[in-house]
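Structure file input.tsv; described as TSV, C-alpha atoms.
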```tsv
chain	number	residue	atom	x	y	z
A	286	MET	CA	-123.98	44.23	-29.70
A	287	ILE	CA	-123.68	40.84	-28.06
A	288	GLN	CA	-124.94	40.46	-24.49
A	289	VAL	CA	-124.05	37.40	-22.48
A	290	ASN	CA	-126.30	37.27	-19.42
A	291	GLN	CA	-125.42	35.04	-16.48
A	292	VAL	CA	-124.49	32.16	-18.73
A	293	SER	CA	-123.49	28.80	-17.24
A	294	LYS	CA	-122.68	25.61	-19.05
A	295	SER	CA	-122.11	22.10	-17.75
A	296	PHE	CA	-121.05	19.00	-19.62
A	297	LEU	CA	-122.43	16.11	-17.52
A	298	THR	CA	-120.67	16.73	-14.24
A	299	ARG	CA	-118.02	19.15	-15.46
A	300	LYS	CA	-118.77	22.84	-15.16
A	301	ALA	CA	-117.33	24.68	-18.17
A	302	LEU	CA	-118.81	28.14	-17.58
A	303	SER	CA	-120.29	29.67	-14.49
A	304	ASP	CA	-122.27	32.89	-14.39
A	305	CYS	CA	-120.56	34.64	-17.29
A	306	ARG	CA	-121.66	38.22	-17.89
A	307	VAL	CA	-120.10	40.19	-20.68
A	308	THR	CA	-121.02	42.63	-23.43
A	309	PHE	CA	-119.28	42.82	-26.80
A	310	GLU	CA	-119.65	46.22	-28.40
A	311	GLN	CA	-120.26	46.90	-32.07
A	312	GLY	CA	-117.31	47.69	-34.31
A	313	LYS	CA	-114.60	46.46	-31.98
A	314	ILE	CA	-112.00	43.73	-32.05
A	315	THR	CA	-112.08	41.82	-28.78
A	316	GLY	CA	-109.62	39.15	-27.70
A	317	VAL	CA	-110.75	36.42	-25.33
A	318	ILE	CA	-107.76	35.22	-23.34
A	319	GLY	CA	-107.05	32.81	-20.50
A	320	GLU	CA	-105.35	29.50	-19.85
A	321	ASN	CA	-106.37	26.17	-21.41
A	322	GLY	CA	-109.69	24.94	-20.11
A	323	SER	CA	-110.77	28.38	-18.88
A	324	GLY	CA	-113.91	28.23	-21.04
A	325	LYS	CA	-112.96	30.38	-24.04
A	326	THR	CA	-114.12	27.95	-26.71
A	327	THR	CA	-117.32	27.08	-24.86
A	328	LEU	CA	-118.20	30.78	-24.56
A	329	LEU	CA	-117.56	31.41	-28.25
A	330	LYS	CA	-119.60	28.36	-29.28
A	331	ILE	CA	-122.52	29.49	-27.15
A	332	ILE	CA	-122.40	32.96	-28.72
A	333	SER	CA	-122.38	31.35	-32.18
A	334	GLY	CA	-125.39	29.16	-31.38
A	335	LEU	CA	-123.39	25.93	-31.62
A	336	LEU	CA	-123.93	25.08	-27.95
A	337	LYS	CA	-126.86	25.80	-25.70
A	338	PRO	CA	-126.21	27.34	-22.30
A	339	THR	CA	-127.38	25.34	-19.28
A	340	LYS	CA	-128.44	28.61	-17.67
A	341	GLY	CA	-128.64	32.21	-18.82
A	342	THR	CA	-129.18	33.86	-22.19
A	343	VAL	CA	-127.24	35.37	-25.08
A	344	LEU	CA	-128.70	38.22	-27.11
A	345	ILE	CA	-127.28	39.42	-30.42
A	346	ASP	CA	-128.72	42.81	-31.40
A	347	GLY	CA	-131.60	42.02	-29.07
A	348	GLU	CA	-132.35	38.61	-30.60
A	349	HIS	CA	-132.06	35.39	-28.61
A	350	VAL	CA	-129.32	33.16	-29.95
A	351	THR	CA	-130.41	29.86	-31.49
A	352	ARG	CA	-128.76	27.74	-34.19
A	353	ARG	CA	-130.22	30.11	-36.77
A	354	ILE	CA	-127.92	32.89	-35.59
A	355	CYS	CA	-125.32	31.47	-37.99
A	356	GLN	CA	-126.94	33.70	-40.60
A	357	ARG	CA	-125.35	36.64	-38.83
A	358	VAL	CA	-122.32	35.07	-37.23
A	359	ALA	CA	-119.36	33.55	-39.08
A	360	PHE	CA	-117.46	31.12	-36.89
A	361	LEU	CA	-113.98	29.72	-37.45
A	362	HIS	CA	-113.24	26.60	-35.38
A	363	ASP	CA	-109.85	25.39	-34.40
A	364	GLN	CA	-110.69	21.96	-35.81
A	365	ASP	CA	-110.82	20.78	-39.42
A	366	TYR	CA	-114.25	20.69	-40.93
A	367	PHE	CA	-113.99	20.68	-44.69
A	368	TYR	CA	-114.83	17.82	-47.05
A	369	TRP	CA	-111.34	16.57	-47.75
A	370	TYR	CA	-112.10	15.52	-51.33
A	371	PHE	CA	-113.08	19.05	-52.42
A	372	THR	CA	-110.81	21.34	-54.34
A	373	ILE	CA	-110.56	24.94	-53.17
A	374	GLY	CA	-112.76	26.06	-56.07
A	375	GLU	CA	-115.41	23.49	-55.16
A	376	LEU	CA	-115.34	24.60	-51.55
A	377	ILE	CA	-115.88	28.22	-52.58
A	378	ARG	CA	-118.86	27.21	-54.75
A	379	TYR	CA	-120.22	25.13	-51.88
A	380	TYR	CA	-120.03	28.07	-49.46
A	381	ASP	CA	-121.56	30.32	-52.09
A	382	ALA	CA	-124.48	27.93	-52.36
A	383	ILE	CA	-125.19	27.57	-48.65
A	384	TYR	CA	-124.67	31.14	-47.41
A	385	ASP	CA	-126.73	33.99	-48.87
A	386	ASP	CA	-124.20	36.47	-47.56
A	387	PHE	CA	-121.20	34.77	-49.18
A	388	ASN	CA	-119.31	37.30	-51.29
A	389	LYS	CA	-117.65	35.34	-54.09
A	390	GLU	CA	-115.59	38.24	-55.39
A	391	LYS	CA	-114.25	38.89	-51.92
A	392	ALA	CA	-113.40	35.18	-51.68
A	393	GLU	CA	-111.42	35.37	-54.94
A	394	THR	CA	-109.53	38.44	-53.67
A	395	LEU	CA	-108.80	36.69	-50.40
A	396	LEU	CA	-107.55	33.54	-52.17
A	397	LEU	CA	-105.10	35.68	-54.13
A	398	PHE	CA	-104.03	37.50	-50.97
A	399	MET	CA	-103.43	34.16	-49.23
A	400	ASN	CA	-101.63	32.70	-52.26
A	401	LEU	CA	-104.11	29.87	-52.72
A	402	ARG	CA	-105.30	28.45	-56.06
A	403	ASP	CA	-108.72	27.17	-57.13
A	404	GLY	CA	-107.51	23.77	-58.29
A	405	GLN	CA	-105.66	22.72	-55.13
A	406	LYS	CA	-107.11	19.71	-53.31
A	407	ILE	CA	-108.00	20.30	-49.69
A	408	ASN	CA	-106.61	16.91	-48.77
A	409	TYR	CA	-103.13	17.96	-49.85
A	410	LEU	CA	-102.99	21.38	-48.20
A	411	SER	CA	-100.43	22.08	-45.50
A	412	LYS	CA	-101.68	23.02	-42.05
A	413	GLY	CA	-100.83	26.66	-42.72
A	414	ASN	CA	-102.68	26.75	-46.03
A	415	LEU	CA	-105.66	24.93	-44.59
A	416	THR	CA	-105.96	27.59	-41.89
A	417	ARG	CA	-105.57	30.31	-44.52
A	418	LEU	CA	-108.42	28.69	-46.44
A	419	LYS	CA	-110.63	28.62	-43.34
A	420	MET	CA	-109.93	32.30	-42.93
A	421	VAL	CA	-110.84	32.96	-46.58
A	422	VAL	CA	-114.28	31.37	-46.32
A	423	THR	CA	-114.94	33.01	-42.95
A	424	LEU	CA	-113.98	36.53	-44.01
A	425	ALA	CA	-115.70	36.21	-47.39
A	426	ARG	CA	-119.08	36.25	-45.67
A	427	ASP	CA	-120.64	39.70	-45.34
A	428	VAL	CA	-121.86	39.15	-41.80
A	429	PRO	CA	-122.00	41.58	-38.89
A	430	TYR	CA	-120.21	39.23	-36.47
A	431	ILE	CA	-117.06	37.23	-37.02
A	432	ILE	CA	-115.84	34.84	-34.35
A	433	LEU	CA	-112.46	33.12	-34.56
A	434	ASP	CA	-111.55	30.34	-32.17
A	435	GLU	CA	-107.77	30.07	-31.78
A	436	PRO	CA	-107.02	31.20	-35.34
A	437	PHE	CA	-103.24	31.03	-34.81
A	438	LEU	CA	-102.92	27.63	-33.20
A	439	GLY	CA	-99.90	25.74	-34.49
A	440	LEU	CA	-99.05	28.23	-37.23
A	441	ASP	CA	-95.64	29.56	-38.13
A	442	PRO	CA	-94.96	33.32	-37.87
A	443	MET	CA	-95.38	33.88	-41.63
A	444	VAL	CA	-98.85	32.40	-41.69
A	445	ARG	CA	-99.81	34.25	-38.50
A	446	LYS	CA	-98.75	37.49	-40.16
A	447	SER	CA	-100.86	36.88	-43.22
A	448	MET	CA	-103.84	36.00	-41.01
A	449	ILE	CA	-103.50	39.28	-39.11
A	450	GLN	CA	-103.04	41.28	-42.31
A	451	SER	CA	-106.17	39.68	-43.76
A	452	MET	CA	-108.14	40.78	-40.70
A	453	LEU	CA	-106.95	44.38	-41.07
A	454	ARG	CA	-107.70	44.43	-44.77
A	455	TYR	CA	-110.91	42.52	-45.08
A	456	ILE	CA	-112.87	43.24	-41.92
A	457	ASP	CA	-114.79	46.49	-42.03
A	458	LEU	CA	-115.20	47.66	-38.45
A	459	SER	CA	-117.81	50.22	-39.44
A	460	LYS	CA	-120.09	47.28	-40.22
A	461	GLN	CA	-118.47	44.29	-38.55
A	462	THR	CA	-117.42	43.13	-35.10
A	463	LEU	CA	-114.66	40.62	-34.45
A	464	ILE	CA	-114.16	38.36	-31.45
A	465	MET	CA	-111.28	35.92	-31.22
A	466	SER	CA	-109.81	33.66	-28.61
A	467	THR	CA	-106.07	33.27	-28.59
A	468	HIS	CA	-103.00	32.25	-26.66
A	469	GLU	CA	-100.77	34.37	-28.86
A	470	ILE	CA	-101.62	37.67	-27.20
A	471	SER	CA	-98.32	39.32	-27.95
A	472	GLU	CA	-98.95	38.48	-31.59
A	473	VAL	CA	-102.30	40.27	-31.82
A	474	ASP	CA	-102.28	42.88	-29.09
A	475	LEU	CA	-101.72	45.63	-31.66
A	476	ILE	CA	-104.98	44.94	-33.42
A	477	LEU	CA	-107.22	44.42	-30.40
A	478	ASP	CA	-109.47	47.05	-28.85
A	479	ASP	CA	-110.54	45.08	-25.80
A	480	VAL	CA	-109.54	41.97	-23.91
A	481	ILE	CA	-111.70	39.62	-21.90
A	482	LEU	CA	-109.87	37.51	-19.40
A	483	MET	CA	-111.28	34.12	-18.41
A	484	LYS	CA	-110.33	31.87	-15.54
A	485	LYS	CA	-111.95	28.60	-14.49
A	486	GLY	CA	-115.14	29.24	-16.47
A	487	ARG	CA	-115.59	32.82	-15.32
A	488	VAL	CA	-115.03	36.17	-16.97
A	489	ILE	CA	-112.69	37.86	-14.50
A	490	ALA	CA	-111.88	41.06	-16.40
A	491	HIS	CA	-112.89	43.12	-19.42
A	492	GLU	CA	-110.60	46.02	-20.30
A	493	SER	CA	-109.62	48.30	-23.13
A	494	ILE	CA	-106.04	47.45	-24.14
A	495	GLU	CA	-105.09	51.10	-24.56
A	496	ASN	CA	-106.33	51.75	-21.00
A	497	ILE	CA	-104.13	48.97	-19.68
A	498	ARG	CA	-101.14	50.58	-21.39
A	499	GLU	CA	-102.12	54.12	-20.44
A	500	TYR	CA	-103.26	53.83	-16.84
A	501	GLU	CA	-101.46	50.73	-15.63
A	502	GLN	CA	-98.40	51.20	-17.85
A	503	LYS	CA	-98.32	47.48	-18.46
A	504	ASP	CA	-98.32	45.31	-21.51
A	505	VAL	CA	-101.23	42.92	-21.84
A	506	VAL	CA	-99.23	39.82	-20.99
A	507	SER	CA	-98.04	41.13	-17.62
A	508	TRP	CA	-101.51	42.56	-16.92
A	509	MET	CA	-102.92	39.08	-17.47
A	510	GLU	CA	-100.31	37.48	-15.23
A	511	ASP	CA	-101.06	40.01	-12.47
A	512	MET	CA	-104.80	39.37	-12.73
A	513	TYR	CA	-104.42	35.59	-12.48
B	243	MET	CA	-93.80	53.74	-40.50
B	244	THR	CA	-93.15	50.09	-39.79
B	245	ARG	CA	-91.62	50.38	-36.37
B	246	GLU	CA	-91.65	48.44	-33.19
B	247	PHE	CA	-94.11	49.72	-30.65
B	248	SER	CA	-93.54	49.85	-26.93
B	249	ARG	CA	-96.19	47.70	-25.30
B	250	HIS	CA	-96.27	49.78	-22.12
B	251	LYS	CA	-97.53	52.96	-23.74
B	252	PRO	CA	-100.79	53.51	-25.62
B	253	ILE	CA	-100.33	52.74	-29.30
B	254	TYR	CA	-102.40	55.73	-30.41
B	255	LYS	CA	-99.98	58.06	-28.56
B	256	GLN	CA	-96.96	56.45	-30.18
B	257	ILE	CA	-98.48	56.85	-33.64
B	258	MET	CA	-99.35	60.48	-32.83
B	259	GLU	CA	-95.73	61.06	-31.90
B	260	HIS	CA	-94.50	59.50	-35.16
B	261	ILE	CA	-96.77	61.76	-37.16
B	262	CYS	CA	-95.72	64.85	-35.20
B	263	GLN	CA	-92.07	63.93	-35.72
B	264	ASP	CA	-92.74	63.58	-39.44
B	265	ILE	CA	-94.29	67.04	-39.43
B	266	VAL	CA	-91.33	68.57	-37.58
B	267	ARG	CA	-88.89	66.85	-39.94
B	268	GLY	CA	-90.79	68.20	-42.91
B	269	VAL	CA	-92.00	64.86	-44.27
B	270	TYR	CA	-95.44	66.43	-44.12
B	271	VAL	CA	-95.95	70.14	-44.72
B	272	CYS	CA	-98.95	72.40	-44.19
B	273	GLY	CA	-101.95	71.29	-46.16
B	274	ASN	CA	-100.62	67.80	-46.99
B	275	LYS	CA	-103.11	64.96	-47.05
B	276	LEU	CA	-102.55	62.14	-44.60
B	277	PRO	CA	-103.24	58.51	-45.60
B	278	SER	CA	-106.80	57.31	-45.06
B	279	VAL	CA	-107.59	55.56	-41.79
B	280	ARG	CA	-107.72	52.20	-43.53
B	281	GLU	CA	-104.47	52.71	-45.47
B	282	LEU	CA	-102.58	53.76	-42.39
B	283	ALA	CA	-104.05	50.93	-40.32
B	284	ILE	CA	-102.82	48.35	-42.84
B	285	GLU	CA	-99.44	50.05	-43.23
B	286	VAL	CA	-98.77	50.28	-39.51
B	287	GLY	CA	-100.43	46.95	-38.68
B	288	VAL	CA	-102.92	48.22	-36.13
B	289	ASN	CA	-106.67	48.29	-35.86
B	290	ALA	CA	-108.59	51.02	-37.75
B	291	ASN	CA	-110.17	52.21	-34.49
B	292	THR	CA	-106.70	53.09	-33.19
B	293	ILE	CA	-105.95	55.22	-36.26
B	294	GLN	CA	-109.38	56.82	-35.96
B	295	ARG	CA	-108.44	57.85	-32.45
B	296	VAL	CA	-105.04	59.17	-33.58
B	297	TYR	CA	-106.71	61.46	-36.13
B	298	GLN	CA	-109.35	62.56	-33.63
B	299	GLU	CA	-106.75	63.51	-31.02
B	300	LEU	CA	-104.59	65.32	-33.60
B	301	GLU	CA	-107.65	67.20	-34.74
B	302	ARG	CA	-108.44	68.18	-31.17
B	303	ASP	CA	-104.89	69.50	-30.89
B	304	GLU	CA	-105.54	71.44	-34.11
B	305	ILE	CA	-102.62	69.79	-35.88
B	306	VAL	CA	-104.80	68.20	-38.55
B	307	VAL	CA	-108.18	69.03	-40.04
B	308	SER	CA	-110.56	66.48	-41.42
B	309	LYS	CA	-112.60	67.53	-44.40
B	310	ARG	CA	-115.83	65.70	-44.93
B	311	GLY	CA	-115.57	63.21	-47.74
B	312	GLN	CA	-111.99	64.22	-48.59
B	313	GLY	CA	-109.81	62.95	-45.79
B	314	THR	CA	-107.46	64.28	-43.15
B	315	PHE	CA	-105.00	67.11	-43.83
B	316	ILE	CA	-102.17	68.80	-41.96
B	317	THR	CA	-103.34	72.21	-40.77
B	318	GLU	CA	-102.71	75.23	-43.02
B	319	ASP	CA	-101.87	77.20	-39.89
B	320	GLU	CA	-98.07	77.49	-39.94
B	321	GLU	CA	-98.06	79.13	-36.55
B	322	ARG	CA	-99.58	75.96	-35.04
B	323	ILE	CA	-96.80	73.89	-36.61
B	324	ASN	CA	-94.16	76.22	-35.17
B	325	VAL	CA	-95.75	75.85	-31.75
B	326	LEU	CA	-95.66	72.05	-32.21
B	327	LYS	CA	-91.95	72.20	-33.04
B	328	GLU	CA	-91.28	74.26	-29.93
B	329	GLU	CA	-93.36	71.91	-27.78
B	330	MET	CA	-91.55	68.83	-29.02
B	331	LYS	CA	-88.16	70.44	-28.60
B	332	LYS	CA	-88.96	71.56	-25.06
B	333	GLU	CA	-90.34	68.19	-24.12
B	334	ILE	CA	-87.16	66.37	-25.15
B	335	VAL	CA	-84.91	68.95	-23.48
B	336	GLN	CA	-86.92	68.85	-20.26
B	337	ARG	CA	-86.72	65.06	-20.18
B	338	PHE	CA	-82.97	65.32	-20.72
B	339	ILE	CA	-82.57	67.86	-17.93
B	340	THR	CA	-84.62	65.78	-15.50
B	341	ASP	CA	-82.53	62.69	-16.23
B	342	MET	CA	-79.25	64.58	-15.89
B	343	MET	CA	-80.35	66.23	-12.65
B	344	LYS	CA	-81.25	62.85	-11.20
B	345	MET	CA	-77.64	61.86	-11.76
B	346	GLY	CA	-76.44	65.08	-10.11
B	347	PHE	CA	-75.10	67.02	-13.11
B	348	THR	CA	-75.29	70.81	-13.09
B	349	TYR	CA	-76.57	73.01	-15.94
B	350	ASP	CA	-73.01	74.09	-16.70
B	351	GLU	CA	-71.83	70.52	-17.03
B	352	MET	CA	-74.76	69.74	-19.32
B	353	LEU	CA	-74.02	72.75	-21.51
B	354	THR	CA	-70.32	71.90	-21.77
B	355	THR	CA	-71.13	68.37	-22.85
B	356	ILE	CA	-73.69	69.53	-25.39
B	357	LYS	CA	-71.19	71.96	-26.92
B	358	GLU	CA	-68.48	69.30	-27.09
B	359	GLU	CA	-70.85	66.79	-28.65
B	360	ALA	CA	-72.06	69.37	-31.15
B	361	LYS	CA	-68.48	69.92	-32.31
B	362	ASN	CA	-67.63	66.29	-33.07
B	363	GLY	CA	-71.17	65.08	-33.77
B	364	ASP	CA	-72.00	67.09	-36.90
B	365	SER	CA	-71.55	64.08	-39.11
B	366	SER	CA	-73.75	61.70	-37.14
B	367	GLU	CA	-76.85	63.86	-36.76
B	368	SER	CA	-78.09	63.45	-40.30
B	369	SER	CA	-78.32	59.66	-40.03
B	370	LEU	CA	-81.50	59.89	-37.94
```
Please, can you express the file's structure as structure tokens?
Amino acid sequence: MIQVNQVSKSFLTRKALSDCRVTFEQGKITGVIGENGSGKTTLLKIISGLLKPTKGTVLIDGEHVTRRICQRVAFLHDQDYFYWYFTIGELIRYYDAIYDDFNKEKAETLLLFMNLRDGQKINYLSKGNLTRLKMVVTLARDVPYIILDEPFLGLDPMVRKSMIQSMLRYIDLSKQTLIMSTHEISEVDLILDDVILMKKGRVIAHESIENIREYEQKDVVSWMEDMY
Amino acid sequence: MTREFSRHKPIYKQIMEHICQDIVRGVYVCGNKLPSVRELAIEVGVNANTIQRVYQELERDEIVVSKRGQGTFITEDEERINVLKEEMKKEIVQRFITDMMKMGFTYDEMLTTIKEEAKNGDSSESSL
């Protein structure tokens, strides 16, 4: 379980998060949604230990989050962060060397699933394949928490589909928890359990998607528009 | 079961309906094994928790039984399946009647139309 307690974050004079309180339950897929600049990425980075909150605390399974939490959290950024001169095979070996929990066999299976080959140079990969590769190294880690920041940004429908399929196939919700921020809600609403809605640095709602459909008889997109 | 889902109704209920329809149509018969939660989740393209809930609700309705370590099976109780058929039939007919009544049709008019349609619709019913 991840507990975010009264977390605020400022960058110099700009307030990115104010008094965020939210709990992410074990074994669920949660979508973090909201307009650009609403604080989604900042919240995810704080949970992953990549940013420090100005105020408040984050606990993962009772432990205070520091940079060392990356041993239990796999984080996929929306930016590029690989050594461009690596081949895919070299990247896999590199990840295998730095993460104890890296499952090389799972990585090989995922590469096949994503139609990627060992010898391809990272520098020459298309945007779609680069994102697929990021997904491979993220999902190949046997970690309890997986956090994806805008995994679908700028991808065509085919790639988005393979990304979603890979989540269904290779994330084991009896042992793992997934949190992702996205603008493509209508693309992923079928695989989400919960949604967290952010606006101007605050968490303004946390709902089960099936409850939105059942009790409000709305789809998630119109629910979000009504809440805003 | 790759179908479009309505986004205004709970997904678990829609999947339950699909499975019940498959039972009524005879795709599944008493004692048949259903796909595992994971298999069905991948096939349908939804989260495993949703499928888990589908099986739980169907088990509560005594339509399926889960056997520890073996999977989920359609009940052996044929009587329960007959009741399910009746329930589904009634539900559709009641919805039809409500809609027709809203538009001011009488029972007699409904029956006449059904009989007429039955006469010239024999060929189209099998294409469902």
Å distance separating atom CA of A:Asp346 from atom CA of A:Gln288, one decimal place: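 For atom CA of A:Asp346 relative to atom CA of A:Gln288, the distance reads 8.2 Å.
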I need the chain B residues near chain A as number ranges by chain; criterion: at most 7 Å, counting only C-alpha atoms. B: 249-253, 284, 288-289
Under the rule that only C-alpha atoms are counted, which of A:Arg306, A:His362, A:His468, A:Arg417 is the nearest residue to A:Ser333?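 Using only C-alpha atoms, A:Ser333 sits closest to A:His362.
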I'd like to know which of B:Ala290, B:Val307, B:Ala283, B:Met330 is closest to B:Gln263, using only C-alpha atoms.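 Among the listed residues, the smallest separation from B:Gln263 belongs to B:Met330.
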Within 6 Å of (-101.4, 56.3, -37.9) (file coordinates; all atoms listed in the file), which protein or nucleic acid residues are there? I'd like them as a list of chain:residue names. B:Ile257, B:Leu282, B:Ile293
Residues near stretch 322-326 of chain B, cut-off 9 Å, all atoms listed in the file, skip fewer than 2 positions along chain, as a PyMOL selection string: chain B and resi 262+265-266+271-272+304-305+317-320+328-331
Between atom CA of B:Val286 and atom CA of B:Tyr254 - distance in Å to one decimal: 11.2 Å
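The two atoms in question, atom CA of B:Glu358 and atom CA of B:Thr340, are spaced 20.2 Å apart.
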Axis-aligned box for stretch 293-308 of chain B, 6 Å per side, centre and edges in Å as lines of an AutoDock Vina configuration file:
```
center_x = -106.6
center_y = 63.3
center_z = -36.2
size_x = 19.9
size_y = 28.2
size_z = 22.5
```
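Compared by their closest atoms to B:Lys275, and using all atoms listed in the file, the residues B:Gly287, B:Arg302, B:Glu246, B:Phe315 rank with B:Phe315 nearest.
Take the candidates B:Thr355, B:Phe347, B:Thr292, B:Ile339 and check each one against A:Ser493 using all atoms listed in the file; the shortest distance goes to B:Thr292.
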Need to verify the contact set: A:Lys300, 10 Å, all atoms listed in the file, exclusion of same-chain residues closer than 3 positions in sequence. Can you return it as a list in words?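 So, after excluding close chain neighbours, the residues are Ser293, Lys294, Ser295, Phe296, Leu297, Ser303, Gly324, Thr339, Lys485 and Gly486 of chain A.
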Let's have the selection written as a PDB file, keeping the file's coordinate frame, with C-alpha atoms.
```pdb
ATOM      1  CA  SER A 293    -123.490  28.800 -17.240  1.00  0.00           C
ATOM      2  CA  LYS A 294    -122.680  25.610 -19.050  1.00  0.00           C
ATOM      3  CA  SER A 295    -122.110  22.100 -17.750  1.00  0.00           C
ATOM      4  CA  PHE A 296    -121.050  19.000 -19.620  1.00  0.00           C
ATOM      5  CA  LEU A 297    -122.430  16.110 -17.520  1.00  0.00           C
ATOM      6  CA  SER A 303    -120.290  29.670 -14.490  1.00  0.00           C
ATOM      7  CA  GLY A 324    -113.910  28.230 -21.040  1.00  0.00           C
ATOM      8  CA  THR A 339    -127.380  25.340 -19.280  1.00  0.00           C
ATOM      9  CA  LYS A 485    -111.950  28.600 -14.490  1.00  0.00           C
ATOM     10  CA  GLY A 486    -115.140  29.240 -16.470  1.00  0.00           C
TER      11      GLY A 486
END
```
Generate the coordinates of N, CA and C atoms for stretch 262-277 of chain B; report them as a PDB file, keeping the file's coordinate frame.
```pdb
ATOM      1  N   CYS B 262     -96.243  63.526 -35.567  1.00  0.00           N
ATOM      2  CA  CYS B 262     -95.720  64.850 -35.200  1.00  0.00           C
ATOM      3  C   CYS B 262     -94.247  64.978 -35.557  1.00  0.00           C
ATOM      4  N   GLN B 263     -93.488  63.900 -35.333  1.00  0.00           N
ATOM      5  CA  GLN B 263     -92.070  63.930 -35.720  1.00  0.00           C
ATOM      6  C   GLN B 263     -91.929  64.129 -37.223  1.00  0.00           C
ATOM      7  N   ASP B 264     -92.781  63.433 -37.979  1.00  0.00           N
ATOM      8  CA  ASP B 264     -92.740  63.580 -39.440  1.00  0.00           C
ATOM      9  C   ASP B 264     -93.057  65.015 -39.855  1.00  0.00           C
ATOM     10  N   ILE B 265     -93.958  65.651 -39.108  1.00  0.00           N
ATOM     11  CA  ILE B 265     -94.290  67.040 -39.430  1.00  0.00           C
ATOM     12  C   ILE B 265     -93.090  67.935 -39.133  1.00  0.00           C
ATOM     13  N   VAL B 266     -92.482  67.750 -37.969  1.00  0.00           N
ATOM     14  CA  VAL B 266     -91.330  68.570 -37.580  1.00  0.00           C
ATOM     15  C   VAL B 266     -90.176  68.377 -38.561  1.00  0.00           C
ATOM     16  N   ARG B 267     -89.978  67.122 -39.001  1.00  0.00           N
ATOM     17  CA  ARG B 267     -88.890  66.850 -39.940  1.00  0.00           C
ATOM     18  C   ARG B 267     -89.190  67.308 -41.354  1.00  0.00           C
ATOM     19  N   GLY B 268     -90.431  67.717 -41.582  1.00  0.00           N
ATOM     20  CA  GLY B 268     -90.790  68.200 -42.910  1.00  0.00           C
ATOM     21  C   GLY B 268     -91.231  67.126 -43.894  1.00  0.00           C
ATOM     22  N   VAL B 269     -91.454  65.904 -43.401  1.00  0.00           N
ATOM     23  CA  VAL B 269     -92.000  64.860 -44.270  1.00  0.00           C
ATOM     24  C   VAL B 269     -93.392  65.268 -44.722  1.00  0.00           C
ATOM     25  N   TYR B 270     -94.138  65.853 -43.783  1.00  0.00           N
ATOM     26  CA  TYR B 270     -95.440  66.430 -44.120  1.00  0.00           C
ATOM     27  C   TYR B 270     -95.334  67.936 -43.957  1.00  0.00           C
ATOM     28  N   VAL B 271     -95.890  68.688 -44.891  1.00  0.00           N
ATOM     29  CA  VAL B 271     -95.950  70.140 -44.720  1.00  0.00           C
ATOM     30  C   VAL B 271     -97.409  70.579 -44.680  1.00  0.00           C
ATOM     31  N   CYS B 272     -97.598  71.851 -44.327  1.00  0.00           N
ATOM     32  CA  CYS B 272     -98.950  72.400 -44.190  1.00  0.00           C
ATOM     33  C   CYS B 272     -99.823  72.054 -45.394  1.00  0.00           C
ATOM     34  N   GLY B 273    -101.009  71.574 -45.099  1.00  0.00           N
ATOM     35  CA  GLY B 273    -101.950  71.290 -46.160  1.00  0.00           C
ATOM     36  C   GLY B 273    -101.827  69.913 -46.782  1.00  0.00           C
ATOM     37  N   ASN B 274    -100.778  69.160 -46.445  1.00  0.00           N
ATOM     38  CA  ASN B 274    -100.620  67.800 -46.990  1.00  0.00           C
ATOM     39  C   ASN B 274    -101.744  66.879 -46.520  1.00  0.00           C
ATOM     40  N   LYS B 275    -102.072  65.932 -47.404  1.00  0.00           N
ATOM     41  CA  LYS B 275    -103.110  64.960 -47.050  1.00  0.00           C
ATOM     42  C   LYS B 275    -102.449  63.764 -46.364  1.00  0.00           C
ATOM     43  N   LEU B 276    -103.051  63.334 -45.289  1.00  0.00           N
ATOM     44  CA  LEU B 276    -102.550  62.140 -44.600  1.00  0.00           C
ATOM     45  C   LEU B 276    -103.217  60.904 -45.229  1.00  0.00           C
ATOM     46  N   PRO B 277    -102.600  59.715 -45.067  1.00  0.00           N
ATOM     47  CA  PRO B 277    -103.240  58.510 -45.600  1.00  0.00           C
ATOM     48  C   PRO B 277    -104.626  58.322 -44.977  1.00  0.00           C
TER      49      PRO B 277
END
```
